[in-house]
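Structure record follows, encoded as C-alpha cells.
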Amino acid sequence: MIHFRHSIFIKSILALLAACLFVVGCSDEGLSSSAPVIPQSQSSVTMSLTRESVDSFTQAGINEVRFFAYIRQNKCDSLVKDTTINIGDGQFAIGLPLGENIRAFIVANATGVEGTEKFDSVSLTLDPSHEANIWLSNVASFTTDKTVSTSSSRHLSFQCLTCT
C-alpha cells in the first residue's frame with residue numbers, strides 16, 4: 001500500500017514538473033538568451049539605398065551607417081546582425097541566416113542606439129548638442145530563402161528625424 005501511494009505521488013510531481021516546463025517554454029520571457037541563435041547557413045542579401053538617400057548622405061558628409069537585422073521568432077524579434085557599413089555607391093551585401101524571417105533597418109548619425117537586443121525595444125538617443133541630422137530608414141521585412149541571393153536587392157529609403 002505504501003509503495004502504491006509513493007508511486008502516485010511521484011507521478012503527480014512529474015506531471016506538475018512537466019506542466020511547469022511547458023508553461024515556461026511557451027512564455028516569451030521563459031529562458032532568456034543573451035546571444036541570438038544563428039543558424040549555420042548564411043545568405044548574402046544585397047541591400048540598396050535610394051539614390052536620393054545616397055545624395056543626402058553625401059551632402060551631409062555621412063559615409064557610414066549602422067545596420068540592424070532581427071530574426072522574427074515566436075512573436076519576438078531577436079538581433080542577429082548589428083554592423084557599421086560604408087555607404088559607398090549605396091549598395092552593400094549582408095550575410096544573414098538562411099530560411100529566416102528578417103526585419104532590418106539602418107540608422108545614420110544617431111548619438112546612440114539602445115535596447116537593440118529586441119526589435120520592439122530599440123530607441124535612438126538624441127543629444128541636443130549634437131548638430132548633425134539623424135536619419136532612420138524604413139523597416140525592410142523579408143525571408144531569406146534560396147531565392148534571396150546577391151542578385152536580389154532590398155531597397156531602403158530614409159527619413160531625416162531632425163531636419164528642419
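In the C-alpha cells, each chain is lettered A, B, ... as it comes, each chain's residues begin at 1, and ligands are numbered from 1 in order of appearance.
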Identify, on the basis of only C-alpha atoms, every residue whose closest approach to Ala110 (chain A) does not exceed 8 Å; exclude the query and any residue fewer than 3 positions from it along the same chain; express the result as an NGL selection string.
:A and (107 or 113 or 124-126 or 134-135)
Go ahead and dump the residues you just picked, C-alpha atoms, as a short mmCIF file (atom, residue, chain, number, x, y, z; two decimals), in the first residue's frame.
```cif
data_model
loop_
_atom_site.label_atom_id
_atom_site.label_comp_id
_atom_site.auth_asym_id
_atom_site.auth_seq_id
_atom_site.Cartn_x
_atom_site.Cartn_y
_atom_site.Cartn_z
CA VAL A 107 20.36 54.44 -38.61
CA VAL A 113 21.08 53.31 -30.25
CA LEU A 124 17.54 56.30 -30.50
CA THR A 125 19.46 58.62 -28.22
CA LEU A 126 19.23 62.22 -29.36
CA ILE A 134 19.74 61.92 -37.59
CA TRP A 135 18.40 59.56 -40.25
#
```
Polymer residues at most 12 Å from region 50-67 of chain A, only C-alpha atoms, same-chain spacing of 6 or more positions, as number ranges by chain
A: 79-96, 103-113, 116, 124, 131-140, 153-160, 163
